[in-house]
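Next comes upload.csv, a file with CSV, C-alpha atoms.
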```csv
chain,number,residue,atom,x,y,z
A,22,MET,CA,24.8,0.4,-15.0
A,23,ASP,CA,24.0,3.0,-12.4
A,24,ASP,CA,21.0,0.9,-11.2
A,25,ALA,CA,23.3,-2.1,-10.9
A,26,LYS,CA,25.7,-0.1,-8.7
A,27,GLN,CA,22.8,1.0,-6.5
A,28,ILE,CA,21.6,-2.6,-6.1
A,29,MET,CA,25.2,-3.8,-5.5
A,30,HIS,CA,25.9,-1.9,-2.3
A,31,GLU,CA,22.4,-2.9,-1.0
A,32,ARG,CA,23.1,-6.6,-1.6
A,33,PHE,CA,26.5,-6.4,0.1
A,34,TRP,CA,24.7,-4.9,3.2
A,35,GLU,CA,21.7,-7.2,3.1
A,36,LEU,CA,23.7,-10.4,2.8
A,37,ARG,CA,25.9,-9.5,5.8
A,38,LYS,CA,22.8,-8.5,7.9
A,39,ASP,CA,21.1,-11.8,7.0
A,40,ARG,CA,24.1,-13.6,8.5
A,41,ASN,CA,24.0,-11.2,11.6
A,42,LEU,CA,27.6,-10.4,11.0
A,43,THR,CA,29.5,-7.3,11.9
A,44,LEU,CA,32.2,-5.9,9.6
A,45,GLU,CA,34.9,-7.2,12.0
A,46,GLN,CA,33.4,-10.7,12.0
A,47,LEU,CA,33.1,-10.7,8.2
A,48,GLU,CA,36.7,-9.6,7.9
A,49,LYS,CA,37.9,-12.5,10.0
A,50,GLN,CA,35.9,-15.0,7.9
A,51,THR,CA,36.7,-13.8,4.5
A,52,GLY,CA,40.2,-12.2,4.8
A,53,ILE,CA,38.9,-8.9,3.3
A,54,SER,CA,39.7,-5.8,5.3
A,55,LYS,CA,37.0,-4.1,7.3
A,56,SER,CA,37.5,-0.8,5.5
A,57,ALA,CA,37.1,-2.5,2.1
A,58,LEU,CA,34.0,-4.3,3.2
A,59,GLY,CA,32.5,-1.1,4.5
A,60,SER,CA,33.2,0.7,1.2
A,61,TYR,CA,31.4,-2.0,-0.7
A,62,GLU,CA,28.3,-1.3,1.3
A,63,ALA,CA,28.5,2.5,0.8
A,64,GLU,CA,26.7,4.4,-2.0
A,65,GLY,CA,28.9,5.4,-4.9
A,66,THR,CA,31.2,2.3,-4.6
A,67,LYS,CA,33.5,2.1,-7.6
A,68,ASP,CA,36.5,0.0,-6.9
A,69,ILE,CA,35.9,-3.7,-6.0
A,70,SER,CA,38.6,-6.2,-6.7
A,71,HIS,CA,37.7,-9.3,-8.7
A,72,TRP,CA,39.1,-11.5,-6.0
A,73,ALA,CA,36.9,-9.8,-3.3
A,74,VAL,CA,33.7,-10.3,-5.5
A,75,VAL,CA,34.5,-14.0,-6.0
A,76,ARG,CA,35.4,-14.5,-2.3
A,77,LEU,CA,32.2,-12.9,-1.0
A,78,ALA,CA,30.1,-14.8,-3.6
A,79,GLU,CA,31.6,-18.1,-2.4
A,80,PHE,CA,31.1,-17.1,1.2
A,81,TYR,CA,27.5,-16.2,0.9
A,82,GLY,CA,26.7,-18.9,-1.6
A,83,VAL,CA,25.4,-16.6,-4.3
A,84,THR,CA,26.5,-15.9,-7.9
A,85,THR,CA,28.8,-13.0,-8.7
A,86,ASP,CA,26.2,-11.6,-11.0
A,87,TYR,CA,23.7,-11.5,-8.1
A,88,LEU,CA,26.3,-9.8,-5.9
A,89,LEU,CA,27.0,-7.2,-8.5
A,90,GLY,CA,23.3,-6.4,-9.1
A,91,LEU,CA,23.4,-7.9,-12.6
A,92,SER,CA,20.9,-10.7,-11.8
A,93,VAL,CA,18.0,-11.4,-9.5
A,94,MET,CA,19.0,-15.1,-9.2
A,95,LYS,CA,21.2,-16.0,-6.3
A,96,ASN,CA,22.0,-19.6,-7.0
A,97,HIS,CA,20.9,-20.7,-10.5
A,98,PRO,CA,22.6,-18.5,-13.2
A,99,ASN,CA,22.4,-21.2,-15.9
A,100,ALA,CA,19.0,-22.8,-15.3
A,101,ASP,CA,17.5,-24.6,-18.3
A,102,LEU,CA,14.2,-23.1,-19.3
A,103,ASN,CA,12.9,-26.6,-20.0
A,104,ASP,CA,13.4,-27.5,-16.4
A,105,LEU,CA,11.3,-24.5,-15.4
A,106,ARG,CA,8.3,-25.8,-17.3
A,107,LEU,CA,7.2,-22.3,-18.4
A,108,SER,CA,5.1,-21.5,-21.4
A,109,ASP,CA,6.3,-19.1,-24.1
A,110,GLU,CA,3.8,-16.5,-22.8
A,111,MET,CA,5.1,-16.8,-19.3
A,112,ILE,CA,8.7,-16.4,-20.4
A,113,GLU,CA,7.8,-13.3,-22.4
A,114,LEU,CA,6.0,-11.9,-19.4
A,115,LEU,CA,8.9,-12.5,-17.1
A,116,LYS,CA,11.3,-10.9,-19.6
A,117,SER,CA,9.2,-7.8,-19.8
A,118,GLY,CA,9.8,-6.9,-16.2
A,119,ARG,CA,6.2,-5.9,-15.8
A,120,ILE,CA,5.5,-8.2,-12.8
A,121,ASN,CA,8.6,-7.5,-10.6
A,122,LYS,CA,6.9,-8.9,-7.4
A,123,LEU,CA,6.1,-12.3,-8.9
A,124,CYS,CA,9.3,-14.0,-7.6
A,125,GLU,CA,8.7,-12.8,-4.1
A,126,LEU,CA,5.1,-14.0,-4.3
A,127,ALA,CA,6.1,-17.5,-5.5
A,128,ALA,CA,8.9,-17.8,-3.0
A,129,HIS,CA,6.7,-17.0,0.0
A,130,GLY,CA,6.1,-19.8,2.5
A,131,ASP,CA,2.3,-19.7,2.1
A,132,PHE,CA,2.3,-19.6,-1.7
A,133,ARG,CA,2.1,-23.4,-2.0
A,134,ARG,CA,-1.2,-23.4,0.0
A,135,PHE,CA,-2.5,-20.6,-2.2
A,136,MET,CA,-1.7,-22.7,-5.4
A,137,LEU,CA,-3.1,-25.8,-3.8
A,138,ASP,CA,-6.5,-24.2,-3.1
A,139,LEU,CA,-6.4,-22.6,-6.6
A,140,GLU,CA,-5.9,-26.0,-8.1
A,141,ILE,CA,-8.8,-27.5,-6.1
A,142,TYR,CA,-11.1,-24.8,-7.4
A,143,VAL,CA,-9.9,-24.8,-11.0
A,144,ASP,CA,-10.0,-28.6,-11.3
A,145,ARG,CA,-13.4,-28.8,-9.5
A,146,ILE,CA,-12.0,-31.3,-7.0
A,147,ALA,CA,-14.4,-30.2,-4.2
A,148,SER,CA,-17.4,-29.4,-6.5
A,149,ILE,CA,-19.1,-32.8,-6.2
A,150,HIS,CA,-18.8,-32.8,-2.4
A,151,ILE,CA,-20.2,-29.2,-2.2
A,152,ARG,CA,-23.1,-30.1,-4.5
A,153,ASN,CA,-23.9,-33.3,-2.5
A,154,ASN,CA,-24.0,-31.4,0.8
A,155,ASN,CA,-26.1,-28.6,-0.6
A,156,THR,CA,-28.6,-31.2,-2.1
A,157,ALA,CA,-28.9,-33.0,1.2
A,158,LEU,CA,-29.6,-29.8,3.0
A,159,LYS,CA,-32.1,-28.6,0.5
A,160,THR,CA,-34.0,-31.9,0.6
A,161,GLU,CA,-34.0,-32.0,4.4
A,162,ARG,CA,-35.2,-28.4,4.6
A,163,LYS,CA,-38.0,-29.1,2.1
A,164,VAL,CA,-39.2,-32.2,3.9
A,165,LEU,CA,-39.2,-30.5,7.3
A,166,MET,CA,-41.1,-27.5,5.9
A,167,GLU,CA,-43.8,-29.8,4.4
A,168,ARG,CA,-44.2,-32.0,7.5
A,169,ALA,CA,-44.2,-29.2,10.1
A,170,GLY,CA,-45.9,-26.6,8.0
A,171,LEU,CA,-43.0,-24.2,8.4
A,172,ASP,CA,-42.2,-21.2,6.2
A,173,ASP,CA,-39.0,-19.5,5.1
A,174,ASN,CA,-39.0,-17.2,8.2
A,175,ASP,CA,-38.6,-20.1,10.7
A,176,LEU,CA,-35.2,-20.0,12.5
A,177,ASN,CA,-34.2,-23.6,11.7
A,178,MET,CA,-35.4,-23.4,8.1
A,179,ARG,CA,-33.4,-20.2,7.6
A,180,THR,CA,-30.4,-21.8,9.2
A,181,LEU,CA,-30.5,-24.8,6.8
A,182,GLU,CA,-30.7,-22.3,3.9
A,183,LEU,CA,-27.7,-20.2,5.0
A,184,VAL,CA,-25.4,-23.2,5.6
A,185,GLN,CA,-25.6,-24.2,2.0
A,186,ILE,CA,-22.3,-23.1,0.2
A,187,ASP,CA,-21.9,-21.2,-3.0
A,188,GLU,CA,-18.7,-22.7,-4.4
A,189,ASP,CA,-17.5,-19.5,-6.2
A,190,ASP,CA,-18.1,-17.3,-3.1
A,191,TYR,CA,-16.4,-19.9,-0.8
A,192,PHE,CA,-13.3,-20.2,-2.9
A,193,ALA,CA,-13.1,-16.5,-3.6
A,194,HIS,CA,-12.9,-15.9,0.2
A,195,THR,CA,-10.5,-18.8,0.7
A,196,ILE,CA,-8.1,-17.8,-2.0
A,197,PHE,CA,-8.1,-14.2,-0.9
A,198,GLU,CA,-7.4,-15.2,2.7
A,199,ASN,CA,-4.4,-17.2,1.4
A,200,LEU,CA,-3.1,-14.2,-0.5
A,201,ARG,CA,-3.6,-11.6,2.3
A,202,PRO,CA,-0.6,-12.6,4.5
A,203,ILE,CA,1.6,-13.1,1.4
A,204,ILE,CA,1.0,-9.6,0.0
A,205,ARG,CA,1.2,-8.0,3.5
A,206,ASP,CA,4.6,-9.6,4.0
A,207,ILE,CA,5.8,-8.4,0.6
A,208,ARG,CA,4.6,-4.9,1.3
A,209,GLU,CA,6.3,-4.9,4.7
A,210,ALA,CA,9.6,-6.1,3.0
A,211,HIS,CA,9.4,-3.1,0.6
A,212,LYS,CA,8.4,-0.4,3.0
A,213,SER,CA,11.9,1.1,3.1
A,214,ASP,CA,12.2,1.2,-0.7
A,215,ALA,CA,12.8,4.6,-2.3
A,216,THR,CA,9.8,4.0,-4.5
A,217,THR,CA,7.4,3.1,-1.6
A,218,SER,CA,5.3,6.0,-0.2
A,219,ASP,CA,5.2,6.6,3.5
A,220,ALA,CA,1.9,5.4,4.9
A,221,ASP,CA,2.2,7.8,7.8
A,222,THR,CA,2.6,10.8,5.5
A,223,GLU,CA,-0.3,13.2,5.7
A,224,SER,CA,-2.2,13.4,2.3
A,225,SER,CA,-3.0,16.7,0.7
A,226,ALA,CA,-6.7,16.2,1.5
A,227,GLU,CA,-6.0,15.3,5.1
A,228,LYS,CA,-3.8,18.3,5.5
A,229,ALA,CA,-6.4,20.7,3.9
A,230,VAL,CA,-9.1,19.4,6.3
A,231,ARG,CA,-6.8,19.7,9.3
A,232,GLN,CA,-5.9,23.3,8.5
A,233,LEU,CA,-9.5,24.2,7.8
A,234,GLU,CA,-10.7,22.7,11.1
A,235,ALA,CA,-7.9,24.5,13.0
A,236,ALA,CA,-8.9,27.8,11.3
A,237,LEU,CA,-12.6,27.4,12.2
A,238,ASN,CA,-11.9,26.3,15.8
A,239,CYS,CA,-9.6,29.2,16.6
A,240,GLU,CA,-10.6,32.1,18.8
A,241,GLY,CA,-11.6,35.3,17.1
A,242,SER,CA,-14.3,37.0,15.1
A,243,LYS,CA,-16.2,35.5,12.2
A,244,GLU,CA,-14.1,37.6,9.9
A,245,GLU,CA,-10.9,36.2,11.4
A,246,LYS,CA,-12.1,32.6,11.1
A,247,ILE,CA,-13.0,33.0,7.5
A,248,VAL,CA,-9.8,34.7,6.6
A,249,ARG,CA,-7.8,32.0,8.5
A,250,ALA,CA,-9.7,29.3,6.6
A,251,LEU,CA,-9.1,30.8,3.2
A,252,LEU,CA,-5.4,31.5,3.9
A,253,SER,CA,-4.9,28.0,5.2
A,254,GLN,CA,-5.8,26.5,1.8
A,255,LEU,CA,-3.2,28.8,0.3
A,256,GLU,CA,-0.7,27.8,3.0
A,257,ILE,CA,-0.3,31.4,4.1
A,258,ASP,CA,0.2,31.9,7.9
A,259,TYR,CA,-2.6,34.2,9.1
A,260,ASP,CA,-0.5,35.3,12.1
A,261,THR,CA,2.0,36.9,9.7
A,262,LEU,CA,-0.6,39.4,8.3
A,263,THR,CA,-0.2,43.0,9.3
A,264,LYS,CA,-3.3,45.0,10.4
A,265,GLU,CA,-3.3,46.8,7.0
A,266,GLU,CA,-3.1,43.5,5.1
A,267,PHE,CA,-6.1,42.1,7.1
A,268,VAL,CA,-8.2,45.2,6.5
A,269,THR,CA,-7.4,45.1,2.8
A,270,LEU,CA,-8.2,41.4,2.6
A,271,ILE,CA,-11.6,41.9,4.4
A,272,GLY,CA,-12.4,44.7,1.9
A,273,ILE,CA,-11.7,42.4,-1.0
A,274,LEU,CA,-13.8,39.5,0.5
A,275,ASN,CA,-16.7,41.9,1.0
A,276,LYS,CA,-17.0,42.2,-2.7
A,277,SER,CA,-18.1,38.6,-2.9
A,278,GLU,CA,-21.8,37.8,-3.0
A,279,HIS,CA,-21.0,34.6,-1.1
A,280,MET,CA,-19.3,36.3,1.7
A,281,LYS,CA,-21.6,39.3,2.4
A,282,LYS,CA,-23.8,37.2,4.6
A,283,HIS,CA,-20.9,36.2,6.8
A,284,ILE,CA,-18.5,39.2,6.9
A,285,SER,CA,-19.7,42.3,8.8
A,286,ARG,CA,-19.6,45.6,7.0
A,287,ARG,CA,-18.6,47.6,10.1
A,288,GLY,CA,-17.9,51.2,9.4
A,289,LYS,CA,-20.1,51.2,6.3
A,290,VAL,CA,-23.6,52.6,6.0
A,291,PRO,CA,-26.1,50.2,4.2
A,292,ALA,CA,-27.2,51.5,0.7
A,293,THR,CA,-30.8,51.7,1.8
A,294,GLN,CA,-29.9,54.2,4.6
A,295,ARG,CA,-27.8,56.2,2.2
A,296,ARG,CA,-30.7,56.6,-0.1
A,297,LYS,CA,-33.0,57.7,2.7
A,298,ARG,CA,-30.4,60.3,3.9
A,299,LYS,CA,-30.3,61.8,0.3
A,300,LYS,CA,-34.1,62.2,0.3
A,301,ARG,CA,-33.9,64.2,3.5
```

Go ahead and render the structure in this file as structure tokens.
Amino acid sequence: MDDAKQIMHERFWELRKDRNLTLEQLEKQTGISKSALGSYEAEGTKDISHWAVVRLAEFYGVTTDYLLGLSVMKNHPNADLNDLRLSDEMIELLKSGRINKLCELAAHGDFRRFMLDLEIYVDRIASIHIRNNNTALKTERKVLMERAGLDDNDLNMRTLELVQIDEDDYFAHTIFENLRPIIRDIREAHKSDATTSDADTESSAEKAVRQLEAALNCEGSKEEKIVRALLSQLEIDYDTLTKEEFVTLIGILNKSEHMKKHISRRGKVPATQRRKRKKR
């Protein structure tokens, strides 16, 4: 029920925007007060009179169930399944809700072209024409190669070979090109949905690389750059370290076999020199 309420206020807003109406204009055309109309579009809407629901459904030409978020069908609440010509498997799939973008896909203006090309491929309507063209090109190529003594590396012979069509490859490309604008439009229509991720949001990998590059490109000693790089991965601001914390961190990093080559041991005497001094 909460989902229906969420959908409800969105549909009140969307239907008004689709008509390019202000609340004042809608008030004049429906007889419902501007304040009431505004409350219907607000989140958390609770009180909507039965008369207002029926009046707005009539005005927009939709069902009351659609307006209240109880149905996805605007105009056909009692459609006969026999009229839809759906198989039992398709009905079960639609009832499952696992393909919630199917209606948008089928309602798109370019979907008919997609289905037309799919039918041509499935029913092999173009197959005989493609085979005839390929056969003619193969024959012409073979005759020319024998007469002129040409090989496969000749420009014209290679051209005759490449213009032959692989039916599966051709229709795979054609059908995909039909789908591309449809799925782009559907994605664009859903970009403001709460469940849609922001394409402009920086990914965790991109953020880590950016922080690492910034750390390595900063001014300072090798020690500072290494410390900055390590801290950036932990999302710790290097500039907030005190001098004592920096010294402590360098001391810890110097214990790593991987870091000894990079971090200087200033202030310390190498072990070989210490042994020599003891001998003296």

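When all atoms listed in the file are used to compute distances to Tyr259 of chain A, the closest of the residues A:Glu245, A:Glu45, A:Asp144, A:Asp109 turns out to be A:Glu245.
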
So that I can check the surroundings of Arg231 of chain A, please list as a PyMOL selection string every protein, DNA and RNA residue that reaches within 12 Å of it, counting all atoms listed in the file and ignoring chain neighbours fewer than 6 positions away. chain A and resi 223-225+237-238+250+253-254+256

Distance query Ile196 of chain A at most 12 Å, all atoms listed in the file, self and fewer than 4 positions along chain excluded, as a ChimeraX atom specification: /A:131-143,188-192,200-203

Which one of A:Leu89, A:Ala73, A:Gly82, A:Leu105 sits closest to His30 of chain A if you count all atoms listed in the file? A:Leu89

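The gap separating atom CA of Leu58 of chain A from atom CA of Leu44 of chain A is 6.8 Å, in Å to one decimal.
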
Record the distance separating atom CA of Leu126 of chain A and atom CA of Glu31 of chain A, expressed in Å with one decimal. 20.8 Å

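Taking atom CA of Arg162 of chain A and atom CA of Leu181 of chain A as the two end points, the separation is 6.3 Å.
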